[in-house]
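> Please find target36.cif (mmCIF, N, CA and C atoms) on the next line:
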data_final
#
loop_
_atom_site.label_atom_id
_atom_site.label_comp_id
_atom_site.auth_asym_id
_atom_site.auth_seq_id
_atom_site.Cartn_x
_atom_site.Cartn_y
_atom_site.Cartn_z
N MET A 881 97.02 77.01 86.89
CA MET A 881 95.85 77.69 87.39
C MET A 881 96.32 78.96 88.07
N LYS A 882 96.09 80.07 87.44
CA LYS A 882 96.47 81.35 88.00
C LYS A 882 95.22 82.12 88.39
N ILE A 883 95.27 82.71 89.58
CA ILE A 883 94.13 83.46 90.10
C ILE A 883 94.62 84.82 90.57
N LYS A 884 93.88 85.85 90.21
CA LYS A 884 94.21 87.19 90.69
C LYS A 884 93.82 87.29 92.16
N ASN A 885 94.58 88.08 92.90
CA ASN A 885 94.29 88.26 94.32
C ASN A 885 92.83 88.64 94.57
N LEU A 886 92.29 89.51 93.75
CA LEU A 886 90.91 89.97 93.96
C LEU A 886 89.88 88.88 93.71
N GLU A 887 90.29 87.77 93.10
CA GLU A 887 89.37 86.67 92.83
C GLU A 887 89.39 85.59 93.92
N LEU A 888 90.35 85.69 94.83
CA LEU A 888 90.51 84.64 95.84
C LEU A 888 89.27 84.43 96.70
N PHE A 889 88.78 85.49 97.31
CA PHE A 889 87.67 85.33 98.26
C PHE A 889 86.35 84.95 97.59
N PRO A 890 86.00 85.52 96.42
CA PRO A 890 84.78 85.04 95.76
C PRO A 890 84.85 83.55 95.39
N LEU A 891 86.03 83.10 94.98
CA LEU A 891 86.18 81.68 94.64
C LEU A 891 86.04 80.80 95.88
N ILE A 892 86.66 81.21 96.97
CA ILE A 892 86.53 80.47 98.23
C ILE A 892 85.06 80.39 98.64
N ASN A 893 84.38 81.53 98.62
CA ASN A 893 82.97 81.56 99.02
C ASN A 893 82.12 80.64 98.18
N PHE A 894 82.34 80.63 96.87
CA PHE A 894 81.56 79.76 95.99
C PHE A 894 81.84 78.29 96.31
N LEU A 895 83.11 77.93 96.37
CA LEU A 895 83.46 76.53 96.59
C LEU A 895 82.90 76.00 97.91
N GLU A 896 82.85 76.84 98.92
CA GLU A 896 82.35 76.39 100.21
C GLU A 896 80.83 76.19 100.23
N LYS A 897 80.12 76.71 99.25
CA LYS A 897 78.67 76.56 99.20
C LYS A 897 78.21 75.29 98.49
N VAL A 898 79.09 74.67 97.71
CA VAL A 898 78.71 73.53 96.88
C VAL A 898 78.85 72.23 97.66
N ASP A 899 77.77 71.43 97.68
CA ASP A 899 77.84 70.09 98.26
C ASP A 899 78.52 69.18 97.24
N MET A 900 79.52 68.43 97.69
CA MET A 900 80.31 67.61 96.77
C MET A 900 80.44 66.19 97.28
N SER A 901 80.78 65.31 96.34
CA SER A 901 81.12 63.94 96.71
C SER A 901 82.39 63.96 97.54
N ALA A 902 82.66 62.87 98.24
CA ALA A 902 83.80 62.83 99.16
C ALA A 902 85.13 63.15 98.47
N LYS A 903 85.37 62.54 97.33
CA LYS A 903 86.65 62.75 96.63
C LYS A 903 86.80 64.21 96.18
N ALA A 904 85.76 64.75 95.60
CA ALA A 904 85.81 66.14 95.16
C ALA A 904 85.90 67.08 96.36
N SER A 905 85.21 66.74 97.43
CA SER A 905 85.23 67.57 98.64
C SER A 905 86.64 67.62 99.23
N ARG A 906 87.33 66.52 99.19
CA ARG A 906 88.71 66.50 99.69
C ARG A 906 89.59 67.43 98.86
N ALA A 907 89.44 67.37 97.55
CA ALA A 907 90.21 68.26 96.68
C ALA A 907 89.84 69.71 96.95
N ARG A 908 88.55 69.97 97.11
CA ARG A 908 88.10 71.33 97.40
C ARG A 908 88.70 71.83 98.70
N THR A 909 88.69 71.00 99.73
CA THR A 909 89.23 71.39 101.03
C THR A 909 90.69 71.79 100.92
N LYS A 910 91.46 71.01 100.18
CA LYS A 910 92.88 71.34 99.98
C LYS A 910 93.03 72.65 99.22
N LEU A 911 92.22 72.84 98.19
CA LEU A 911 92.29 74.07 97.41
C LEU A 911 91.89 75.28 98.26
N VAL A 912 90.79 75.17 98.98
CA VAL A 912 90.32 76.29 99.80
C VAL A 912 91.36 76.64 100.87
N LYS A 913 91.96 75.64 101.45
CA LYS A 913 92.99 75.90 102.47
C LYS A 913 94.13 76.72 101.89
N ARG A 914 94.57 76.37 100.68
CA ARG A 914 95.67 77.11 100.04
C ARG A 914 95.21 78.50 99.62
N LEU A 915 94.00 78.61 99.09
CA LEU A 915 93.47 79.92 98.70
C LEU A 915 93.36 80.84 99.91
N ARG A 916 92.93 80.30 101.05
CA ARG A 916 92.83 81.11 102.28
C ARG A 916 94.20 81.63 102.70
N ALA A 917 95.22 80.79 102.60
CA ALA A 917 96.57 81.23 102.96
C ALA A 917 97.00 82.40 102.07
N TRP A 918 96.74 82.29 100.78
CA TRP A 918 97.07 83.40 99.87
C TRP A 918 96.20 84.61 100.17
N GLY A 919 94.94 84.37 100.50
CA GLY A 919 94.05 85.47 100.85
C GLY A 919 94.53 86.22 102.09
N ASP A 920 95.03 85.47 103.07
CA ASP A 920 95.58 86.11 104.27
C ASP A 920 96.80 86.95 103.93
N GLU A 921 97.66 86.42 103.06
CA GLU A 921 98.84 87.18 102.62
C GLU A 921 98.42 88.45 101.88
N TYR A 922 97.42 88.33 101.05
CA TYR A 922 96.91 89.47 100.29
C TYR A 922 96.36 90.54 101.23
N THR A 923 95.58 90.12 102.22
CA THR A 923 95.02 91.05 103.19
C THR A 923 96.13 91.76 103.97
N GLU A 924 97.13 91.00 104.39
CA GLU A 924 98.25 91.60 105.11
C GLU A 924 99.01 92.59 104.24
N SER A 925 99.20 92.26 102.97
CA SER A 925 99.89 93.17 102.04
C SER A 925 99.10 94.46 101.85
N GLN A 926 97.77 94.35 101.78
CA GLN A 926 96.94 95.56 101.68
C GLN A 926 97.12 96.45 102.91
N LYS A 927 97.10 95.84 104.08
CA LYS A 927 97.30 96.60 105.32
C LYS A 927 98.66 97.28 105.32
N GLN A 928 99.69 96.55 104.89
CA GLN A 928 101.03 97.10 104.87
C GLN A 928 101.12 98.32 103.96
N ILE A 929 100.47 98.27 102.82
CA ILE A 929 100.46 99.41 101.89
C ILE A 929 99.83 100.62 102.58
N VAL A 930 98.73 100.41 103.26
CA VAL A 930 98.05 101.51 103.97
C VAL A 930 98.98 102.10 105.02
N LEU A 931 99.58 101.25 105.83
CA LEU A 931 100.45 101.72 106.91
C LEU A 931 101.67 102.47 106.37
N GLU A 932 102.26 101.96 105.28
CA GLU A 932 103.43 102.60 104.69
C GLU A 932 103.11 103.98 104.13
N ASN A 933 101.86 104.23 103.86
CA ASN A 933 101.44 105.52 103.31
C ASN A 933 100.77 106.42 104.35
N GLY A 934 100.98 106.12 105.63
CA GLY A 934 100.47 106.98 106.69
C GLY A 934 99.05 106.72 107.11
N GLY A 935 98.46 105.65 106.62
CA GLY A 935 97.09 105.33 106.98
C GLY A 935 97.01 104.45 108.20
N VAL A 936 95.80 104.24 108.66
CA VAL A 936 95.53 103.40 109.82
C VAL A 936 94.44 102.41 109.43
N VAL A 937 94.62 101.15 109.85
CA VAL A 937 93.61 100.12 109.64
C VAL A 937 93.12 99.69 111.02
N ASP A 938 91.81 99.89 111.28
CA ASP A 938 91.29 99.51 112.59
C ASP A 938 90.94 98.02 112.63
N GLU A 939 90.46 97.55 113.77
CA GLU A 939 90.15 96.13 113.96
C GLU A 939 89.11 95.60 112.99
N ASP A 940 88.22 96.47 112.52
CA ASP A 940 87.18 96.08 111.57
C ASP A 940 87.67 96.09 110.12
N GLY A 941 88.90 96.55 109.91
CA GLY A 941 89.44 96.64 108.56
C GLY A 941 89.18 97.97 107.89
N SER A 942 88.56 98.91 108.60
CA SER A 942 88.31 100.24 108.03
C SER A 942 89.63 101.01 107.96
N VAL A 943 89.78 101.76 106.89
CA VAL A 943 91.01 102.51 106.63
C VAL A 943 90.74 104.00 106.77
N SER A 944 91.68 104.71 107.42
CA SER A 944 91.58 106.17 107.50
C SER A 944 92.96 106.77 107.29
N PHE A 945 92.96 107.99 106.79
CA PHE A 945 94.19 108.72 106.48
C PHE A 945 94.18 110.10 107.10
N ILE A 946 93.75 110.23 108.32
CA ILE A 946 93.66 111.54 108.97
C ILE A 946 95.05 112.16 109.02
N GLY A 947 95.19 113.32 108.41
CA GLY A 947 96.46 114.02 108.35
C GLY A 947 97.37 113.57 107.22
N HIS A 948 96.96 112.55 106.51
CA HIS A 948 97.76 112.03 105.39
C HIS A 948 96.89 111.80 104.16
N GLU A 949 95.86 112.61 104.01
CA GLU A 949 94.90 112.44 102.91
C GLU A 949 95.57 112.51 101.53
N GLU A 950 96.69 113.21 101.43
CA GLU A 950 97.37 113.34 100.15
C GLU A 950 97.92 112.00 99.66
N ASN A 951 98.01 111.01 100.54
CA ASN A 951 98.54 109.69 100.18
C ASN A 951 97.46 108.72 99.68
N ILE A 952 96.21 109.15 99.73
CA ILE A 952 95.11 108.26 99.33
C ILE A 952 95.23 107.81 97.88
N PRO A 953 95.47 108.70 96.91
CA PRO A 953 95.57 108.23 95.52
C PRO A 953 96.70 107.22 95.30
N LYS A 954 97.85 107.48 95.91
CA LYS A 954 98.98 106.56 95.77
C LYS A 954 98.65 105.21 96.39
N THR A 955 98.05 105.23 97.57
CA THR A 955 97.67 104.00 98.26
C THR A 955 96.66 103.22 97.43
N SER A 956 95.70 103.91 96.89
CA SER A 956 94.67 103.27 96.07
C SER A 956 95.30 102.60 94.84
N ALA A 957 96.22 103.29 94.19
CA ALA A 957 96.89 102.73 93.01
C ALA A 957 97.70 101.49 93.38
N GLU A 958 98.41 101.54 94.49
CA GLU A 958 99.22 100.39 94.92
C GLU A 958 98.34 99.21 95.29
N ARG A 959 97.21 99.47 95.94
CA ARG A 959 96.31 98.39 96.31
C ARG A 959 95.64 97.79 95.08
N THR A 960 95.34 98.61 94.09
CA THR A 960 94.78 98.08 92.83
C THR A 960 95.79 97.19 92.13
N GLU A 961 97.03 97.64 92.08
CA GLU A 961 98.09 96.84 91.46
C GLU A 961 98.22 95.49 92.18
N LEU A 962 98.20 95.52 93.50
CA LEU A 962 98.28 94.29 94.29
C LEU A 962 97.10 93.37 94.00
N SER A 963 95.91 93.92 93.86
CA SER A 963 94.72 93.10 93.61
C SER A 963 94.78 92.38 92.27
N LEU A 964 95.55 92.90 91.33
CA LEU A 964 95.66 92.29 90.00
C LEU A 964 96.81 91.30 89.88
N GLU A 965 97.65 91.20 90.91
CA GLU A 965 98.72 90.21 90.90
C GLU A 965 98.10 88.82 90.97
N THR A 966 98.80 87.84 90.40
CA THR A 966 98.26 86.48 90.37
C THR A 966 99.07 85.54 91.25
N VAL A 967 98.38 84.50 91.70
CA VAL A 967 99.02 83.39 92.40
C VAL A 967 98.88 82.17 91.52
N ASN A 968 99.88 81.30 91.53
CA ASN A 968 99.86 80.11 90.70
C ASN A 968 99.50 78.90 91.54
N VAL A 969 98.25 78.52 91.47
CA VAL A 969 97.74 77.42 92.28
C VAL A 969 98.25 76.09 91.76
N SER A 970 98.52 75.97 90.49
CA SER A 970 98.93 74.71 89.89
C SER A 970 100.13 74.10 90.58
N GLU A 971 101.07 74.93 90.99
CA GLU A 971 102.29 74.42 91.60
C GLU A 971 101.99 73.66 92.89
N ASP A 972 100.98 74.06 93.64
CA ASP A 972 100.67 73.44 94.92
C ASP A 972 99.52 72.43 94.83
N PHE A 973 98.77 72.45 93.76
CA PHE A 973 97.50 71.75 93.73
C PHE A 973 97.36 70.79 92.56
N ASP A 974 98.38 70.61 91.79
CA ASP A 974 98.30 69.92 90.52
C ASP A 974 97.59 68.57 90.58
N GLY A 975 97.87 67.75 91.56
CA GLY A 975 97.29 66.42 91.62
C GLY A 975 95.80 66.37 91.95
N GLN A 976 95.22 67.46 92.37
CA GLN A 976 93.84 67.46 92.81
C GLN A 976 92.85 67.96 91.75
N PHE A 977 93.33 68.51 90.66
CA PHE A 977 92.45 69.10 89.66
C PHE A 977 91.48 68.09 89.06
N LYS A 978 91.92 66.89 88.84
CA LYS A 978 91.09 65.90 88.17
C LYS A 978 89.78 65.66 88.93
N SER A 979 89.85 65.56 90.24
CA SER A 979 88.64 65.33 91.04
C SER A 979 87.64 66.46 90.89
N LEU A 980 88.13 67.69 90.93
CA LEU A 980 87.23 68.84 90.78
C LEU A 980 86.69 68.93 89.35
N LYS A 981 87.53 68.67 88.37
CA LYS A 981 87.08 68.71 86.97
C LYS A 981 85.96 67.71 86.75
N THR A 982 86.18 66.49 87.21
CA THR A 982 85.18 65.43 87.04
C THR A 982 83.88 65.81 87.72
N PHE A 983 83.97 66.32 88.94
CA PHE A 983 82.77 66.72 89.67
C PHE A 983 81.99 67.78 88.91
N PHE A 984 82.66 68.85 88.50
CA PHE A 984 81.95 69.97 87.87
C PHE A 984 81.49 69.66 86.44
N GLU A 985 82.08 68.66 85.78
CA GLU A 985 81.58 68.26 84.47
C GLU A 985 80.18 67.69 84.57
N ASP A 986 79.89 67.00 85.68
CA ASP A 986 78.59 66.36 85.88
C ASP A 986 77.65 67.15 86.78
N TRP A 987 78.15 68.19 87.41
CA TRP A 987 77.35 68.95 88.38
C TRP A 987 76.29 69.77 87.68
N ASN A 988 75.09 69.75 88.22
CA ASN A 988 73.99 70.51 87.65
C ASN A 988 73.29 71.30 88.74
N GLY A 989 74.10 71.86 89.64
CA GLY A 989 73.55 72.62 90.76
C GLY A 989 73.10 74.00 90.35
N VAL A 990 72.52 74.70 91.29
CA VAL A 990 72.04 76.05 91.07
C VAL A 990 73.14 77.03 91.48
N VAL A 991 73.38 78.03 90.63
CA VAL A 991 74.39 79.05 90.91
C VAL A 991 73.68 80.39 91.02
N SER A 992 73.85 81.04 92.15
CA SER A 992 73.21 82.35 92.35
C SER A 992 73.88 83.40 91.47
N ALA A 993 73.21 84.50 91.27
CA ALA A 993 73.77 85.59 90.49
C ALA A 993 75.05 86.12 91.12
N VAL A 994 75.10 86.12 92.44
CA VAL A 994 76.29 86.59 93.15
C VAL A 994 77.47 85.67 92.90
N ASP A 995 77.21 84.37 92.85
CA ASP A 995 78.28 83.38 92.68
C ASP A 995 78.62 83.09 91.22
N ALA A 996 77.81 83.55 90.29
CA ALA A 996 78.02 83.23 88.88
C ALA A 996 79.41 83.62 88.37
N PRO A 997 79.94 84.81 88.69
CA PRO A 997 81.29 85.14 88.20
C PRO A 997 82.37 84.19 88.74
N ALA A 998 82.25 83.79 90.01
CA ALA A 998 83.23 82.87 90.58
C ALA A 998 83.12 81.49 89.94
N TYR A 999 81.89 81.04 89.70
CA TYR A 999 81.67 79.75 89.04
C TYR A 999 82.24 79.77 87.63
N ASP A 1000 81.97 80.83 86.89
CA ASP A 1000 82.49 80.95 85.54
C ASP A 1000 84.02 80.95 85.54
N MET A 1001 84.62 81.67 86.47
CA MET A 1001 86.07 81.72 86.57
C MET A 1001 86.62 80.33 86.89
N LEU A 1002 85.98 79.62 87.82
CA LEU A 1002 86.43 78.28 88.17
C LEU A 1002 86.39 77.35 86.97
N LEU A 1003 85.30 77.39 86.21
CA LEU A 1003 85.21 76.53 85.02
C LEU A 1003 86.28 76.89 84.00
N ASP A 1004 86.53 78.18 83.81
CA ASP A 1004 87.60 78.59 82.88
C ASP A 1004 88.95 78.05 83.33
N ILE A 1005 89.21 78.12 84.63
CA ILE A 1005 90.47 77.62 85.18
C ILE A 1005 90.58 76.11 84.99
N LEU A 1006 89.51 75.39 85.30
CA LEU A 1006 89.53 73.94 85.16
C LEU A 1006 89.67 73.52 83.70
N GLU A 1007 89.00 74.23 82.80
CA GLU A 1007 89.15 73.93 81.37
C GLU A 1007 90.57 74.21 80.89
N ASP A 1008 91.15 75.30 81.37
CA ASP A 1008 92.52 75.64 81.01
C ASP A 1008 93.48 74.56 81.50
N GLU A 1009 93.27 74.05 82.70
CA GLU A 1009 94.11 72.99 83.25
C GLU A 1009 93.94 71.69 82.46
N LYS A 1010 92.72 71.45 81.98
CA LYS A 1010 92.45 70.24 81.22
C LYS A 1010 93.24 70.23 79.91
N GLU A 1011 93.43 71.40 79.32
CA GLU A 1011 94.14 71.51 78.06
C GLU A 1011 95.63 71.31 78.21
N LYS A 1012 96.15 71.45 79.41
CA LYS A 1012 97.61 71.32 79.63
C LYS A 1012 98.04 69.88 79.73
#
Here is a file; write its structure as C-alpha cells.

Amino acid sequence: MKIKNLELFPLINFLEKVDMSAKASRARTKLVKRLRAWGDEYTESQKQIVLENGGVVDEDGSVSFIGHEENIPKTSAERTELSLETVNVSEDFDGQFKSLKTFFEDWNGVVSAVDAPAYDMLLDILEDEKEK
C-alpha cells in the first residue's frame, strides 16, 4: 500500500468520518496513527524546504519570501516533488488490511463529493493489497 504524501491528509480525514465496527475501527485507528506520523514528517519537510530557500513559515503555516522572492519557483518545485513521494504503509500495517477490506466490501455509507477521491483511492489501495 503506497500513498503519496499529498494523499495522506485527505485519506486521514475520510477514515475519521466513517463509523465502523470495533474490529475495523481498531485497524483504522492504527492506520490513521501511522498516516499522521508520516503527515507530520511531510509537513516538517515542507517547512524545511521553505527555510532552506530563505522563506519564513509563521505559526499559522503561512509562507513568505520577503527579500528572497527569486527562490519561490525553486521552492515550489521542491515542494511539488516532495508531495509526489510515496510512503509504503504495507510494511507497518500488513496485518490490519483484512479488517478494513472486509468492512468496506460490505459498507454502503454515504460519501460526500469532497471525500469521494479519498474513498476511491482507499478502495484502489485495498483492492491492490487483496491481489498480493
> Which residue gives the smallest distance to A:Gln976 among A:Leu911, A:Glu921, A:Lys882, A:Ser992, with all atoms listed in the file counted?
A:Leu911
> Please write as a list of chain:residue names the list of polymer residues whose atoms come within 8 Å of (91.9, 83.1, 99.2), counting all atoms listed in the file and keeping to the coordinates of the file.
A:Asn885, A:Glu887, A:Leu888, A:Phe889, A:Pro890, A:Leu891, A:Ile892, A:Asn893, A:Leu911, A:Val912, A:Lys913, A:Arg914, A:Leu915, A:Arg916, A:Ala917, A:Trp918, A:Gly919, A:Asp920, A:Glu921, A:Tyr922
> Run DSSP on the backbone and tell me which residues of chain A come out as strand (DSSP E); list them as a ChimeraX atom specification.
/A:882-884,936-937,943-944,966-968
> List every residue of chain A that DSSP, applied to the backbone of this structure, places in alpha helix (DSSP H), and write the result as a PyMOL selection string.
chain A and resi 888-897+902-932+952-964+970-973+977-986+996-1011
> Please write the residues picked by the PyMOL selection byres (((chain A and resi 908 and name CA) around 12) and name CA) on this file as a ChimeraX atom specification.
/A:891-907,909-916,973,975-981,983-984,1002
> Go ahead and write the residues just picked, N, CA and C atoms, as a compact mmCIF listing (two decimals), in the frame of the given file.

# COMPACT_ATOMS: atom_id res chain seq x y z
N LEU A 891 86.03 83.10 94.98
CA LEU A 891 86.18 81.68 94.64
C LEU A 891 86.04 80.80 95.88
N ILE A 892 86.66 81.21 96.97
CA ILE A 892 86.53 80.47 98.23
C ILE A 892 85.06 80.39 98.64
N ASN A 893 84.38 81.53 98.62
CA ASN A 893 82.97 81.56 99.02
C ASN A 893 82.12 80.64 98.18
N PHE A 894 82.34 80.63 96.87
CA PHE A 894 81.56 79.76 95.99
C PHE A 894 81.84 78.29 96.31
N LEU A 895 83.11 77.93 96.37
CA LEU A 895 83.46 76.53 96.59
C LEU A 895 82.90 76.00 97.91
N GLU A 896 82.85 76.84 98.92
CA GLU A 896 82.35 76.39 100.21
C GLU A 896 80.83 76.19 100.23
N LYS A 897 80.12 76.71 99.25
CA LYS A 897 78.67 76.56 99.20
C LYS A 897 78.21 75.29 98.49
N VAL A 898 79.09 74.67 97.71
CA VAL A 898 78.71 73.53 96.88
C VAL A 898 78.85 72.23 97.66
N ASP A 899 77.77 71.43 97.68
CA ASP A 899 77.84 70.09 98.26
C ASP A 899 78.52 69.18 97.24
N MET A 900 79.52 68.43 97.69
CA MET A 900 80.31 67.61 96.77
C MET A 900 80.44 66.19 97.28
N SER A 901 80.78 65.31 96.34
CA SER A 901 81.12 63.94 96.71
C SER A 901 82.39 63.96 97.54
N ALA A 902 82.66 62.87 98.24
CA ALA A 902 83.80 62.83 99.16
C ALA A 902 85.13 63.15 98.47
N LYS A 903 85.37 62.54 97.33
CA LYS A 903 86.65 62.75 96.63
C LYS A 903 86.80 64.21 96.18
N ALA A 904 85.76 64.75 95.60
CA ALA A 904 85.81 66.14 95.16
C ALA A 904 85.90 67.08 96.36
N SER A 905 85.21 66.74 97.43
CA SER A 905 85.23 67.57 98.64
C SER A 905 86.64 67.62 99.23
N ARG A 906 87.33 66.52 99.19
CA ARG A 906 88.71 66.50 99.69
C ARG A 906 89.59 67.43 98.86
N ALA A 907 89.44 67.37 97.55
CA ALA A 907 90.21 68.26 96.68
C ALA A 907 89.84 69.71 96.95
N THR A 909 88.69 71.00 99.73
CA THR A 909 89.23 71.39 101.03
C THR A 909 90.69 71.79 100.92
N LYS A 910 91.46 71.01 100.18
CA LYS A 910 92.88 71.34 99.98
C LYS A 910 93.03 72.65 99.22
N LEU A 911 92.22 72.84 98.19
CA LEU A 911 92.29 74.07 97.41
C LEU A 911 91.89 75.28 98.26
N VAL A 912 90.79 75.17 98.98
CA VAL A 912 90.32 76.29 99.80
C VAL A 912 91.36 76.64 100.87
N LYS A 913 91.96 75.64 101.45
CA LYS A 913 92.99 75.90 102.47
C LYS A 913 94.13 76.72 101.89
N ARG A 914 94.57 76.37 100.68
CA ARG A 914 95.67 77.11 100.04
C ARG A 914 95.21 78.50 99.62
N LEU A 915 94.00 78.61 99.09
CA LEU A 915 93.47 79.92 98.70
C LEU A 915 93.36 80.84 99.91
N ARG A 916 92.93 80.30 101.05
CA ARG A 916 92.83 81.11 102.28
C ARG A 916 94.20 81.63 102.70
N PHE A 973 98.77 72.45 93.76
CA PHE A 973 97.50 71.75 93.73
C PHE A 973 97.36 70.79 92.56
N GLY A 975 97.87 67.75 91.56
CA GLY A 975 97.29 66.42 91.62
C GLY A 975 95.80 66.37 91.95
N GLN A 976 95.22 67.46 92.37
CA GLN A 976 93.84 67.46 92.81
C GLN A 976 92.85 67.96 91.75
N PHE A 977 93.33 68.51 90.66
CA PHE A 977 92.45 69.10 89.66
C PHE A 977 91.48 68.09 89.06
N LYS A 978 91.92 66.89 88.84
CA LYS A 978 91.09 65.90 88.17
C LYS A 978 89.78 65.66 88.93
N SER A 979 89.85 65.56 90.24
CA SER A 979 88.64 65.33 91.04
C SER A 979 87.64 66.46 90.89
N LEU A 980 88.13 67.69 90.93
CA LEU A 980 87.23 68.84 90.78
C LEU A 980 86.69 68.93 89.35
N LYS A 981 87.53 68.67 88.37
CA LYS A 981 87.08 68.71 86.97
C LYS A 981 85.96 67.71 86.75
N PHE A 983 83.97 66.32 88.94
CA PHE A 983 82.77 66.72 89.67
C PHE A 983 81.99 67.78 88.91
N PHE A 984 82.66 68.85 88.50
CA PHE A 984 81.95 69.97 87.87
C PHE A 984 81.49 69.66 86.44
N LEU A 1002 85.98 79.62 87.82
CA LEU A 1002 86.43 78.28 88.17
C LEU A 1002 86.39 77.35 86.97
> To one decimal in Å, tell me the separation between atom CA of A:Glu932 and atom C of A:Leu962.
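Computed distance, atom CA of A:Glu932 to atom C of A:Leu962, equals 15.5 Å.
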> The PyMOL selection byres (((chain A and resi 933-937 and name CA) around 10) and name CA) - which residues does that actually catch in the file I just gave you? List them as a PDB file with N, CA and C atoms, in the frame of the given file.

ATOM      1  N   GLN A 926      97.770  94.350 101.780  1.00  0.00           N
ATOM      2  CA  GLN A 926      96.940  95.560 101.680  1.00  0.00           C
ATOM      3  C   GLN A 926      97.120  96.450 102.910  1.00  0.00           C
ATOM      4  N   LYS A 927      97.100  95.840 104.080  1.00  0.00           N
ATOM      5  CA  LYS A 927      97.300  96.600 105.320  1.00  0.00           C
ATOM      6  C   LYS A 927      98.660  97.280 105.320  1.00  0.00           C
ATOM      7  N   GLN A 928      99.690  96.550 104.890  1.00  0.00           N
ATOM      8  CA  GLN A 928     101.030  97.100 104.870  1.00  0.00           C
ATOM      9  C   GLN A 928     101.120  98.320 103.960  1.00  0.00           C
ATOM     10  N   ILE A 929     100.470  98.270 102.820  1.00  0.00           N
ATOM     11  CA  ILE A 929     100.460  99.410 101.890  1.00  0.00           C
ATOM     12  C   ILE A 929      99.830 100.620 102.580  1.00  0.00           C
ATOM     13  N   VAL A 930      98.730 100.410 103.260  1.00  0.00           N
ATOM     14  CA  VAL A 930      98.050 101.510 103.970  1.00  0.00           C
ATOM     15  C   VAL A 930      98.980 102.100 105.020  1.00  0.00           C
ATOM     16  N   LEU A 931      99.580 101.250 105.830  1.00  0.00           N
ATOM     17  CA  LEU A 931     100.450 101.720 106.910  1.00  0.00           C
ATOM     18  C   LEU A 931     101.670 102.470 106.370  1.00  0.00           C
ATOM     19  N   GLU A 932     102.260 101.960 105.280  1.00  0.00           N
ATOM     20  CA  GLU A 932     103.430 102.600 104.690  1.00  0.00           C
ATOM     21  C   GLU A 932     103.110 103.980 104.130  1.00  0.00           C
ATOM     22  N   ASP A 938      91.810  99.890 111.280  1.00  0.00           N
ATOM     23  CA  ASP A 938      91.290  99.510 112.590  1.00  0.00           C
ATOM     24  C   ASP A 938      90.940  98.020 112.630  1.00  0.00           C
ATOM     25  N   GLU A 939      90.460  97.550 113.770  1.00  0.00           N
ATOM     26  CA  GLU A 939      90.150  96.130 113.960  1.00  0.00           C
ATOM     27  C   GLU A 939      89.110  95.600 112.990  1.00  0.00           C
ATOM     28  N   ASP A 940      88.220  96.470 112.520  1.00  0.00           N
ATOM     29  CA  ASP A 940      87.180  96.080 111.570  1.00  0.00           C
ATOM     30  C   ASP A 940      87.670  96.090 110.120  1.00  0.00           C
ATOM     31  N   GLY A 941      88.900  96.550 109.910  1.00  0.00           N
ATOM     32  CA  GLY A 941      89.440  96.640 108.560  1.00  0.00           C
ATOM     33  C   GLY A 941      89.180  97.970 107.890  1.00  0.00           C
ATOM     34  N   SER A 942      88.560  98.910 108.600  1.00  0.00           N
ATOM     35  CA  SER A 942      88.310 100.240 108.030  1.00  0.00           C
ATOM     36  C   SER A 942      89.630 101.010 107.960  1.00  0.00           C
ATOM     37  N   VAL A 943      89.780 101.760 106.890  1.00  0.00           N
ATOM     38  CA  VAL A 943      91.010 102.510 106.630  1.00  0.00           C
ATOM     39  C   VAL A 943      90.740 104.000 106.770  1.00  0.00           C
ATOM     40  N   SER A 944      91.680 104.710 107.420  1.00  0.00           N
ATOM     41  CA  SER A 944      91.580 106.170 107.500  1.00  0.00           C
ATOM     42  C   SER A 944      92.960 106.770 107.290  1.00  0.00           C
ATOM     43  N   PHE A 945      92.960 107.990 106.790  1.00  0.00           N
ATOM     44  CA  PHE A 945      94.190 108.720 106.480  1.00  0.00           C
ATOM     45  C   PHE A 945      94.180 110.100 107.100  1.00  0.00           C
ATOM     46  N   ILE A 946      93.750 110.230 108.320  1.00  0.00           N
ATOM     47  CA  ILE A 946      93.660 111.540 108.970  1.00  0.00           C
ATOM     48  C   ILE A 946      95.050 112.160 109.020  1.00  0.00           C
ATOM     49  N   GLY A 947      95.190 113.320 108.410  1.00  0.00           N
ATOM     50  CA  GLY A 947      96.460 114.020 108.350  1.00  0.00           C
ATOM     51  C   GLY A 947      97.370 113.570 107.220  1.00  0.00           C
ATOM     52  N   HIS A 948      96.960 112.550 106.510  1.00  0.00           N
ATOM     53  CA  HIS A 948      97.760 112.030 105.390  1.00  0.00           C
ATOM     54  C   HIS A 948      96.890 111.800 104.160  1.00  0.00           C
ATOM     55  N   GLU A 949      95.860 112.610 104.010  1.00  0.00           N
ATOM     56  CA  GLU A 949      94.900 112.440 102.910  1.00  0.00           C
ATOM     57  C   GLU A 949      95.570 112.510 101.530  1.00  0.00           C
ATOM     58  N   GLU A 950      96.690 113.210 101.430  1.00  0.00           N
ATOM     59  CA  GLU A 950      97.370 113.340 100.150  1.00  0.00           C
ATOM     60  C   GLU A 950      97.920 112.000  99.660  1.00  0.00           C
ATOM     61  N   ASN A 951      98.010 111.010 100.540  1.00  0.00           N
ATOM     62  CA  ASN A 951      98.540 109.690 100.180  1.00  0.00           C
ATOM     63  C   ASN A 951      97.460 108.720  99.680  1.00  0.00           C
ATOM     64  N   ILE A 952      96.210 109.150  99.730  1.00  0.00           N
ATOM     65  CA  ILE A 952      95.110 108.260  99.330  1.00  0.00           C
ATOM     66  C   ILE A 952      95.230 107.810  97.880  1.00  0.00           C
ATOM     67  N   LYS A 954      97.850 107.480  95.910  1.00  0.00           N
ATOM     68  CA  LYS A 954      98.980 106.560  95.770  1.00  0.00           C
ATOM     69  C   LYS A 954      98.650 105.210  96.390  1.00  0.00           C
ATOM     70  N   THR A 955      98.050 105.230  97.570  1.00  0.00           N
ATOM     71  CA  THR A 955      97.670 104.000  98.260  1.00  0.00           C
ATOM     72  C   THR A 955      96.660 103.220  97.430  1.00  0.00           C
TER      73      THR A 955
END
> Quick one: distance from atom CA of A:Thr966 to atom C of A:Glu985 in Å, one decimal?
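Atom C of A:Glu985 lies at a distance of 26.7 Å from atom CA of A:Thr966.
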